[in-house]
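Down below is the structure, laid out as structure tokens.
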Amino acid sequence: MSGTYLGMPAFPAFPEAARGAVHNPTLRGNLRHATHTIRDKRVRAVAELDDWAALREAGKQIKDHTLRHLDRYLVQMEEAVTAAGGTVHWAADAEEANRIVADLVKATGGGDTEKREVVKVKSMATQEIGLNEALEAEGVHAYETDLAELIVQLGKDRPSHILVPAIHRNRGEIRDIFRSEMGEWGRPAPEGLTDTPAELAEAARLHLREKFLRARVGISGANFMVAETGTLVVVESEGNGRMCLTLPETLISVVGIEKIVPRWQDLEVFLQTLPRSSTAERMNPYTSMWTGTTDEDGPRVFHLVLLDNGRTDTLADEVGRQALRCIRCSACLNVCPVYERAGGHAYGSVYPGPIGAILSPQLRGTGSEVDASLPYASSLCGACYEVCPVAIDIPEVLVHLRERVVQGGPAVRQGNRVVLKPAKGHAAERAAMRAAQWAFTHPGALRTGQRLASRTRRLHPRTLPGPGRAWSGARDLPEVPVEPFRDWWQRTHGGKDGAK
């Protein structure tokens, strides 16, 4: 089925959205400082491992094997979770997942408003489906407990980075948000709050502590699921995740079906590559693992919601499916020159940067203007592929999706069939492509055109007129050679068209 993102506004195409960002000096300064700092630390962390290339290949092989046998491992996961005392729910799309979670929360909370609150671990899957907005519509308030997510929530903002959702904010902006918003959410910010990291973190800790102790329901995602044992794994750096996963009476985890790995032993690879690629740490400060429920230890009730939301359709694409290997480390964002200048909001998705440019159009399948533009939000420099810890060839998928857009547009669902939406494009571009197709199928005309272009090369403009200005406004047209290759070969090697 096609993926849907609920609770999110309509976004413009990437070029339009990026136009404002590239002219915002504060945003660009924040992004440049943060991404350069993270990626420089990552380089040093990865260099410590002599077998990094082998770990990268192992992660790729494990993920590819799992995707080939995903149906079997999902059934195994369900059986293991059920045997351990948990309950598994299957959600075909965002609407179904939100309905399942809302019903579970309301059943737990009853009519008690104190119980109609939930605390959340940072989760891309719940952002993808718009869970917070869906719960709010049902009278349930969800509190984000990750520091960066809290900043975004208090600021009525949107995440702009996978690992650091508030990367577009500097410390002064965060201080102002805390001062103005915390009073409306319960405990006010301390008087005289400054923008030092320690004071900001302490303000967040005091703000959230009572919510951890009061909430009856916790909601999480998961970095990994182990089919062999039914174990879920969350890695984080602040300890808020550990509080959400252990204190509430009920835990609900919403997890994309691609997050599964076959065996416990497979975690050995990813628990080395993920922290070094994401936070540039040798290991995560907090790695929480749970299997079902255990008497007098952690939540008494556990629900696992397995989310499809376009992943099955993505799996059917032999080239595009490699996006499902992603372990959400965000390394590709930190090296991308386009992301650094445009920021995460320009991508119109909770998945920004290079991985978002290939994942969002496949998951959503809406044929929207923004999804058709995302495969072009890249210079194809290949830096994203070089740093990916599971070797996703993002440039290859970008080109593949561009081809799909040009030939038939993004995939859309019509009844029980997935079809291609007709591509639009510019009339001048379509005319140029038709002319090129005719020339390449008529060698004589192509040869004549090449010779004519060489002889008139001094008269050629360096920029294109009309609609072509959008392309040549930032680059010069390549110079036409003094003579065509065919003529050069004939002159230097003799014979007609190079034949001796």
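Just so we're on the same page: first chain in the structure tokens is A, next is B, and so on; residues restart at 1 for each chain, and ligands are numbered from 1 in the order they show up.
Scanning range 239-411 of chain A with DSSP on the backbone, the strand (DSSP E or B) assignments fall on Thr250, Leu251, Ile252, Ser253, Val254, Val255, Gly256, Ile260, Val261, Tyr286, Thr287, Ser288, Met289, Trp290, Thr291, Thr294, Asp297, Val301, Phe302, His303, Leu304, Val305, Leu306, Leu307 and Ala411 of chain A.
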Residues of range 256-355 of chain A that have any atom at most 7 Å from an atom of range 214-226 of chain A: could you tabulate them with the shortest-distance atom pair and the distance in Å to one decimal, using only C-alpha atoms, ordered by chain and increasing number, as a tab-separated table?
residue	atom	partner	partner_atom	distance
A:Lys259	CA	A:Phe224	CA	5.1
A:Ile260	CA	A:Met225	CA	4.5
A:Val261	CA	A:Val226	CA	5.2
A:Pro262	CA	A:Val226	CA	5.8
A:Arg263	CA	A:Val226	CA	5.8
A:Trp264	CA	A:Val226	CA	6.0
For this session: Run DSSP on the backbone and give me the residues of range 289-469 of chain A it puts in alpha helix (DSSP H), as an NGL selection string.
Result: :A and (311-315 or 331-335 or 337-342 or 353-364 or 369-373 or 383-387 or 394-407 or 427-440 or 443-455 or 469)
For this session: Please provide the set of residues having any atom within 7 Å of range 31-48 of chain A, restricted to only C-alpha atoms, with same-chain residues fewer than 6 positions apart removed, written as a PyMOL selection string.
Result: chain A and resi 167-168+276-277+280-282+334-335+340
Mind dumping the selected residues with N, CA, C and O atoms as an mmCIF file, in the first residue's frame?
data_model
loop_
_atom_site.group_PDB
_atom_site.id
_atom_site.type_symbol
_atom_site.label_atom_id
_atom_site.label_comp_id
_atom_site.auth_asym_id
_atom_site.auth_seq_id
_atom_site.Cartn_x
_atom_site.Cartn_y
_atom_site.Cartn_z
ATOM 1 N N ILE A 167 18.673 20.991 15.134
ATOM 2 C CA ILE A 167 19.990 21.431 14.679
ATOM 3 C C ILE A 167 19.942 22.833 14.087
ATOM 4 O O ILE A 167 20.961 23.540 14.045
ATOM 5 N N HIS A 168 18.783 23.269 13.636
ATOM 6 C CA HIS A 168 18.648 24.592 13.037
ATOM 7 C C HIS A 168 18.519 25.694 14.077
ATOM 8 O O HIS A 168 18.449 26.875 13.722
ATOM 9 N N ARG A 276 29.069 5.123 16.184
ATOM 10 C CA ARG A 276 30.191 5.834 15.559
ATOM 11 C C ARG A 276 29.715 6.683 14.379
ATOM 12 O O ARG A 276 30.270 7.757 14.123
ATOM 13 N N SER A 277 28.722 6.207 13.655
ATOM 14 C CA SER A 277 28.233 6.956 12.507
ATOM 15 C C SER A 277 27.291 8.087 12.897
ATOM 16 O O SER A 277 27.173 9.071 12.170
ATOM 17 N N ALA A 280 29.247 9.753 16.858
ATOM 18 C CA ALA A 280 30.713 9.661 16.889
ATOM 19 C C ALA A 280 31.214 9.141 18.234
ATOM 20 O O ALA A 280 32.283 9.518 18.702
ATOM 21 N N GLU A 281 30.422 8.252 18.845
ATOM 22 C CA GLU A 281 30.804 7.633 20.108
ATOM 23 C C GLU A 281 31.153 6.169 19.874
ATOM 24 O O GLU A 281 30.656 5.546 18.945
ATOM 25 N N ARG A 282 31.984 5.610 20.750
ATOM 26 C CA ARG A 282 32.357 4.202 20.615
ATOM 27 C C ARG A 282 31.160 3.297 20.935
ATOM 28 O O ARG A 282 31.037 2.220 20.382
ATOM 29 N N ASN A 334 25.135 14.863 7.353
ATOM 30 C CA ASN A 334 26.233 15.696 7.828
ATOM 31 C C ASN A 334 27.320 15.937 6.786
ATOM 32 O O ASN A 334 28.163 16.811 6.973
ATOM 33 N N VAL A 335 27.316 15.165 5.705
ATOM 34 C CA VAL A 335 28.317 15.371 4.647
ATOM 35 C C VAL A 335 27.705 15.932 3.377
ATOM 36 O O VAL A 335 28.420 16.201 2.414
ATOM 37 N N GLU A 340 23.384 20.923 3.903
ATOM 38 C CA GLU A 340 24.059 21.957 4.685
ATOM 39 C C GLU A 340 23.562 23.354 4.329
ATOM 40 O O GLU A 340 23.507 24.242 5.180
#
For this session: Might you pull out every residue within 10 Å of Leu359 in chain A, with only C-alpha atoms counted and same-chain residues fewer than 2 positions away left off, and present them as number ranges by chain?
Result: A: 310-311, 314, 320-324, 326, 349, 351-357, 361-364, 371, 374-375, 394, 397-398
File of the preceding selection, N, CA and C atoms, as a JSON list (two decimals), in the first residue's frame:
[["chain", "number", "residue", "atom", "x", "y", "z"],
["A", 310, "GLY", "N", 3.84, 1.92, 3.36],
["A", 310, "GLY", "CA", 4.60, 2.09, 2.13],
["A", 310, "GLY", "C", 5.86, 1.25, 2.03],
["A", 311, "ARG", "N", 6.23, 0.57, 3.09],
["A", 311, "ARG", "CA", 7.47, -0.20, 3.07],
["A", 311, "ARG", "C", 7.37, -1.42, 2.17],
["A", 314, "THR", "N", 7.96, -0.27, -1.31],
["A", 314, "THR", "CA", 9.38, 0.03, -1.48],
["A", 314, "THR", "C", 10.18, -1.26, -1.66],
["A", 320, "GLY", "N", 15.32, 0.56, -5.46],
["A", 320, "GLY", "CA", 14.93, 1.44, -4.36],
["A", 320, "GLY", "C", 14.87, 0.79, -3.00],
["A", 321, "ARG", "N", 14.75, -0.55, -2.95],
["A", 321, "ARG", "CA", 14.57, -1.22, -1.66],
["A", 321, "ARG", "C", 15.77, -1.05, -0.74],
["A", 322, "GLN", "N", 16.95, -0.74, -1.28],
["A", 322, "GLN", "CA", 18.13, -0.62, -0.41],
["A", 322, "GLN", "C", 17.96, 0.53, 0.59],
["A", 323, "ALA", "N", 17.03, 1.46, 0.33],
["A", 323, "ALA", "CA", 16.75, 2.52, 1.30],
["A", 323, "ALA", "C", 16.25, 1.94, 2.62],
["A", 324, "LEU", "N", 15.65, 0.74, 2.58],
["A", 324, "LEU", "CA", 15.14, 0.11, 3.79],
["A", 324, "LEU", "C", 16.25, -0.45, 4.67],
["A", 326, "CYS", "N", 18.43, 1.44, 5.89],
["A", 326, "CYS", "CA", 18.83, 2.59, 6.71],
["A", 326, "CYS", "C", 18.65, 2.32, 8.20],
["A", 349, "SER", "N", 9.56, 16.60, 4.78],
["A", 349, "SER", "CA", 9.42, 15.24, 5.30],
["A", 349, "SER", "C", 10.11, 15.15, 6.64],
["A", 351, "TYR", "N", 11.97, 12.79, 7.18],
["A", 351, "TYR", "CA", 13.25, 12.21, 6.77],
["A", 351, "TYR", "C", 13.94, 13.18, 5.82],
["A", 352, "PRO", "N", 14.80, 14.05, 6.33],
["A", 352, "PRO", "CA", 15.47, 15.02, 5.47],
["A", 352, "PRO", "C", 16.78, 14.46, 4.90],
["A", 353, "GLY", "N", 17.45, 15.29, 4.12],
["A", 353, "GLY", "CA", 18.77, 14.94, 3.61],
["A", 353, "GLY", "C", 18.74, 13.88, 2.54],
["A", 354, "PRO", "N", 19.90, 13.32, 2.21],
["A", 354, "PRO", "CA", 19.98, 12.33, 1.13],
["A", 354, "PRO", "C", 19.08, 11.12, 1.34],
["A", 355, "ILE", "N", 19.03, 10.58, 2.57],
["A", 355, "ILE", "CA", 18.19, 9.40, 2.79],
["A", 355, "ILE", "C", 16.72, 9.77, 2.62],
["A", 356, "GLY", "N", 16.34, 10.98, 3.03],
["A", 356, "GLY", "CA", 14.96, 11.41, 2.85],
["A", 356, "GLY", "C", 14.60, 11.59, 1.39],
["A", 357, "ALA", "N", 15.59, 12.01, 0.59],
["A", 357, "ALA", "CA", 15.35, 12.22, -0.83],
["A", 357, "ALA", "C", 15.02, 10.93, -1.56],
["A", 361, "PRO", "N", 9.88, 9.70, -1.14],
["A", 361, "PRO", "CA", 9.07, 9.47, -2.34],
["A", 361, "PRO", "C", 8.60, 8.03, -2.48],
["A", 362, "GLN", "N", 9.36, 7.09, -1.92],
["A", 362, "GLN", "CA", 8.96, 5.68, -2.01],
["A", 362, "GLN", "C", 7.91, 5.34, -0.96],
["A", 363, "LEU", "N", 8.05, 5.86, 0.25],
["A", 363, "LEU", "CA", 7.08, 5.55, 1.30],
["A", 363, "LEU", "C", 5.75, 6.22, 1.05],
["A", 364, "ARG", "N", 5.78, 7.47, 0.62],
["A", 364, "ARG", "CA", 4.54, 8.22, 0.49],
["A", 364, "ARG", "C", 3.77, 7.83, -0.76],
["A", 371, "ASP", "N", 7.42, 15.29, -3.66],
["A", 371, "ASP", "CA", 8.04, 13.98, -3.83],
["A", 371, "ASP", "C", 8.70, 13.84, -5.19],
["A", 374, "LEU", "N", 12.16, 15.69, -4.90],
["A", 374, "LEU", "CA", 13.20, 15.25, -3.95],
["A", 374, "LEU", "C", 14.35, 14.49, -4.60],
["A", 375, "PRO", "N", 14.13, 13.61, -5.59],
["A", 375, "PRO", "CA", 15.28, 12.93, -6.20],
["A", 375, "PRO", "C", 16.27, 13.88, -6.87],
["A", 394, "ILE", "N", 23.05, 5.69, -2.34],
["A", 394, "ILE", "CA", 22.03, 6.73, -2.48],
["A", 394, "ILE", "C", 22.06, 7.37, -3.87],
["A", 397, "VAL", "N", 20.12, 5.22, -6.29],
["A", 397, "VAL", "CA", 18.67, 5.27, -6.10],
["A", 397, "VAL", "C", 18.12, 6.62, -6.56],
["A", 398, "LEU", "N", 18.85, 7.69, -6.34],
["A", 398, "LEU", "CA", 18.42, 9.00, -6.81],
["A", 398, "LEU", "C", 18.25, 9.01, -8.32]]
For this session: Name all residues at most 7 Å from Met77 in chain A (count only C-alpha atoms; drop same-chain ones fewer than 6 positions away) and give them as a PyMOL selection string.
Result: chain A and resi 227-228+230
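Using only C-alpha atoms, the nearest neighbour of Leu333 in chain A within the list A:Thr463, A:Asn240, A:Thr229, A:Ser160 is A:Ser160.
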Problem set entry | Who sits within 12 Å of Arg158 in chain A, only C-alpha atoms, same chain under 5 positions skipped, as number ranges by chain | A: 7-9, 127-128, 130, 148-153, 164-169, 343-352
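Restricting the calculation to only C-alpha atoms, the smallest distance between Asn132 in chain A and any of A:Ala91, A:Ile162, A:Val101, A:Met283 is found for A:Val101.
Distance annotation: of A:Val255, A:Val399, A:Ile327, A:Val119, the residue with the minimal separation from Leu232 in chain A is A:Val255; atom set is only C-alpha atoms.
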Kindly provide the residues of range 74-186 of chain A that approach range 298-309 of chain A to within 6 Å, each paired with its closest atom pair and their distance in Å to one decimal, based on only C-alpha atoms, listed by chain and increasing number, as CSV.
residue,atom,partner,partner_atom,distance
A:Gly86,CA,A:Phe302,CA,4.9
A:Thr87,CA,A:His303,CA,4.8
A:Val88,CA,A:Leu304,CA,4.8
A:His89,CA,A:Val305,CA,4.7
A:Trp90,CA,A:Leu306,CA,5.0
A:Ala91,CA,A:Leu307,CA,5.0
A:Ala92,CA,A:Asp308,CA,5.1
A:Asp93,CA,A:Asn309,CA,4.1
Generate a file of the selected residues that holds N, CA, C and O atoms, formatted as a compact mmCIF listing (two decimals), in the first residue's frame.
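Final output, saved to result.txt:
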# COMPACT_ATOMS: atom_id res chain seq x y z
N GLY A 86 3.84 -10.11 25.33
CA GLY A 86 3.44 -8.90 24.63
C GLY A 86 2.30 -9.15 23.66
O GLY A 86 1.91 -10.30 23.43
N THR A 87 1.76 -8.08 23.11
CA THR A 87 0.70 -8.16 22.11
C THR A 87 1.16 -7.44 20.85
O THR A 87 1.68 -6.32 20.92
N VAL A 88 0.98 -8.08 19.70
CA VAL A 88 1.44 -7.52 18.43
C VAL A 88 0.24 -7.06 17.61
O VAL A 88 -0.77 -7.76 17.50
N HIS A 89 0.36 -5.86 17.04
CA HIS A 89 -0.66 -5.30 16.15
C HIS A 89 -0.01 -5.00 14.81
O HIS A 89 1.13 -4.55 14.75
N TRP A 90 -0.75 -5.19 13.72
CA TRP A 90 -0.24 -4.93 12.38
C TRP A 90 -0.95 -3.71 11.82
O TRP A 90 -2.19 -3.67 11.77
N ALA A 91 -0.20 -2.72 11.39
CA ALA A 91 -0.77 -1.48 10.86
C ALA A 91 -0.35 -1.30 9.41
O ALA A 91 0.84 -1.19 9.10
N ALA A 92 -1.34 -1.28 8.52
CA ALA A 92 -1.05 -1.16 7.09
C ALA A 92 -0.60 0.24 6.72
O ALA A 92 0.20 0.42 5.80
N ASP A 93 -1.12 1.26 7.42
CA ASP A 93 -0.77 2.63 7.08
C ASP A 93 -0.82 3.50 8.32
O ASP A 93 -1.07 3.02 9.44
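If you look at CA of Thr126 in chain A and CA of Gly292 in chain A, they are 20.4 Å away from each other.
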